[in-house]
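K.L.:
Below you'll find the structure I mean.
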Amino acid sequence: MVHELTRAQATWRGQGWQVEVAGVDTFWVRRLSEVPDATRDLLAVPDRGEAPWEAVSLQVSTRLEGALGEKTRSAIEAVLEARRAQERAAVLYRRTALSLQESGMSGADIAQVLGVSRQRVSQLLKEARQSTS
């Protein structure tokens with residue numbers, strides 16, 4: 001069975017979501033969780049000749065306009081940047097643990113320097129070696 005991708009654009013209008021199903025129609029829902037059922041109902045209209053629902057993958061994108069949209073985009077970008085920073089910090093932490101060990105420091109000393117348990121030092125060293133091999 002071939003899957004058809006149906007795209008829907010949901011725009012917040014203050015009291016609910018205006019949803020436009022690409023090339024089909026527009027409808028309103030109170031909550032985003034209602035979009036799949038409402039889209040299913042829309043596509044089930046017999047004279048549309050659309051694919052059966054089981055063959056449809058639904059992709060819903062949201063749009064928030066004005067200050068609310070800007071605030072949301074800023075918050076999402078801040079979270080993504082924090083994740084990237086956390087990933088960079090983790091790489092640096094593993095490399096530092098490995099450098100400390102290569103300098104001749106014991107696992108117990110590395111744990112003390114980094115403020116982690118000896119078990120965590122073992123994990124960091126293992127992860128560092130795996131990422132360099």
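As shown in the structure tokens, the chain order sets the letters A, B, ...; within each chain, residues go from 1, and ligands are also counted from 1 in the order they appear.
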Just the residues within 12 Å of Tyr93 (chain A), please, counting only C-alpha atoms, with nothing from its chain fewer than 5 positions along; format it as an NGL selection string.
P.N.:
:A and (86-88 or 98-100 or 110-111 or 113-116 or 120-121 or 123-125 or 127-128)
K.L.:
Give me, as JSON, numbers by chain, all polymer residues having an atom no more than 7 Å from region 61-71 of chain A, counting only C-alpha atoms and skipping those fewer than 2 positions away in the same chain.
P.N.:
{"A": [8, 9, 10, 11, 12, 59, 73, 74, 75]}
K.L.:
Store the residues picked out above, limited to C-alpha atoms, as a CSV table (one decimal), in the first residue's frame.
P.N.:
```csv
chain,number,residue,atom,x,y,z
A,8,ALA,CA,-2.0,20.5,7.4
A,9,GLN,CA,-1.2,24.0,8.6
A,10,ALA,CA,-2.7,25.0,11.9
A,11,THR,CA,-2.8,28.7,12.8
A,12,TRP,CA,-3.8,29.9,16.3
A,59,GLN,CA,2.0,16.1,9.0
A,73,ARG,CA,10.4,30.8,18.4
A,74,SER,CA,12.8,32.4,20.8
A,75,ALA,CA,12.0,29.8,23.5
```
K.L.:
According to DSSP computed on the backbone, where in chain A is there strand (DSSP E)? Give the residues as a VMD selection string.
P.N.:
chain A and resid 4 to 12 17 to 21 25 to 29 56 to 63
K.L.:
With DSSP run on the backbone, what are the helix (DSSP H, G or I) residues within chain A? I'd like them as a PyMOL selection string.
P.N.:
chain A and resi 32-43+46-48+53-55+66-102+107-114+118-132
K.L.:
Once you have the residues from the selection above, write them out as a compact mmCIF listing (two decimals), in the first residue's frame, restricted to C-alpha atoms.
P.N.:
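Just written: selection04.txt:
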```txt
# COMPACT_ATOMS: atom_id res chain seq x y z
CA LEU A 32 -4.45 20.49 18.18
CA SER A 33 -5.18 16.98 19.42
CA GLU A 34 -8.45 17.17 17.43
CA VAL A 35 -6.69 17.70 14.09
CA PRO A 36 -6.17 14.00 13.16
CA ASP A 37 -9.84 13.05 13.69
CA ALA A 38 -11.11 16.19 11.94
CA THR A 39 -8.76 15.54 9.02
CA ARG A 40 -9.90 11.92 8.87
CA ASP A 41 -13.52 13.10 8.72
CA LEU A 42 -12.64 15.59 5.99
CA LEU A 43 -10.82 13.01 3.88
CA PRO A 46 -16.90 9.93 -0.49
CA ASP A 47 -16.83 12.22 -3.53
CA ARG A 48 -13.31 13.51 -2.82
CA TRP A 53 -7.18 6.95 5.96
CA GLU A 54 -4.87 3.98 6.63
CA ALA A 55 -2.82 5.08 3.62
CA GLY A 66 2.88 38.25 16.15
CA ALA A 67 4.47 38.49 19.58
CA LEU A 68 3.28 35.01 20.56
CA GLY A 69 5.04 33.50 17.55
CA GLU A 70 8.25 35.44 18.25
CA LYS A 71 8.22 34.42 21.91
CA THR A 72 7.67 30.77 20.99
CA ARG A 73 10.43 30.77 18.35
CA SER A 74 12.83 32.40 20.84
CA ALA A 75 12.03 29.81 23.52
CA ILE A 76 12.50 26.89 21.11
CA GLU A 77 15.79 28.33 19.84
CA ALA A 78 17.01 28.80 23.44
CA VAL A 79 16.24 25.15 24.23
CA LEU A 80 18.02 23.97 21.07
CA GLU A 81 21.06 26.12 21.85
CA ALA A 82 21.13 24.75 25.41
CA ARG A 83 21.12 21.19 24.04
CA ARG A 84 23.99 22.01 21.68
CA ALA A 85 25.93 23.60 24.56
CA GLN A 86 25.28 20.55 26.73
CA GLU A 87 26.58 18.26 23.98
CA ARG A 88 29.73 20.39 23.59
CA ALA A 89 30.24 20.38 27.37
CA ALA A 90 29.87 16.59 27.52
CA VAL A 91 32.53 16.14 24.82
CA LEU A 92 34.86 18.53 26.66
CA TYR A 93 34.23 16.74 29.97
CA ARG A 94 35.09 13.34 28.47
CA ARG A 95 38.22 14.68 26.80
CA THR A 96 39.29 16.34 30.04
CA ALA A 97 38.88 13.09 31.98
CA LEU A 98 41.00 11.31 29.38
CA SER A 99 43.68 14.04 29.49
CA LEU A 100 43.82 13.83 33.28
CA GLN A 101 44.27 10.05 33.09
CA GLU A 102 46.95 10.37 30.40
CA GLY A 107 40.71 7.47 38.78
CA ALA A 108 40.09 8.53 42.38
CA ASP A 109 41.99 11.78 41.82
CA ILE A 110 40.13 12.46 38.57
CA ALA A 111 36.85 11.92 40.42
CA GLN A 112 37.93 14.42 43.08
CA VAL A 113 39.05 17.00 40.50
CA LEU A 114 35.88 16.72 38.41
CA ARG A 118 34.82 7.01 40.44
CA GLN A 119 32.17 5.07 38.56
CA ARG A 120 31.34 8.19 36.56
CA VAL A 121 35.04 8.65 35.77
CA SER A 122 35.10 5.10 34.38
CA GLN A 123 32.09 5.91 32.21
CA LEU A 124 33.62 9.16 30.99
CA LEU A 125 36.87 7.43 30.08
CA LYS A 126 35.07 4.62 28.27
CA GLU A 127 32.96 7.12 26.31
CA ALA A 128 36.05 9.20 25.48
CA ARG A 129 37.91 6.17 24.14
CA GLN A 130 34.90 5.07 22.08
CA SER A 131 34.55 8.50 20.50
CA THR A 132 38.24 8.64 19.55
```
